[in-house]
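Structure, as structure tokens:
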Amino acid sequence: MADEAVTKMANKLAEECLAVQEETGEDRLFMEVGDVLGTSSQTLEEAFLTAIRTRMAELKGRAFLATKLKRHRTETNG
């Protein structure tokens with residue numbers, strides 16, 4: 001498990017990467033960033049990829065719930 005400093009760096013970098021991905025439309029940018037990190041620090045690379053994956057999973061989960069709720073409201077309210 002990464003130490004607290006590495007986790008903080010990875011989390012901050014993950015947030016920044018997701019913002020750049022959204023703005024540029026490069027949905028696999030995080031993989032490139034992971035490759036760059038891996039050349040210097042496998043520990044930071046792993047922490048970063050974990051941070052990215054959990055955030056991306058959360059976004060997918062929220063989108064799923066929003067779709068379900070919208071569908072329910074449409075069917076209920078006709």
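For the structure tokens, the naming scheme is as follows: chains receive sequential letters (A, B, ...) according to their order of presentation, residues are indexed from 1 within each chain, and ligands are indexed from 1 in presentation order.
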Exercise for review: Can you pull out every residue within 6 Å of segment 7-16 of chain A, counting only C-alpha atoms, but drop anything in the same chain fewer than 4 positions away, and send it as a PyMOL selection string?
Suggested key: chain A and resi 47-48+51-52
**Study point:** Interatomic distance (Å, one decimal) between atom CA of Gly38 of chain A and atom CA of Glu4 of chain A
**Key:** 18.7 Å
Practice item. May I have the residues within 9 Å of Glu45 of chain A as a ChimeraX atom specification, using only C-alpha atoms and disregarding those fewer than 5 positions away in the same chain? Key: /A:10,33-40,50
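Candidate residues A:Ala63, A:Leu49, A:Thr43, A:Glu75 were compared for distance to Met31 of chain A, and the nearest is A:Leu49, using only C-alpha atoms.
With atom CA of Leu59 of chain A on one side and atom CA of Arg73 of chain A on the other, the separation reads 21.0 Å.
The coordinates place atom CA of Thr67 of chain A at 21.0 Å from atom CA of Arg53 of chain A.
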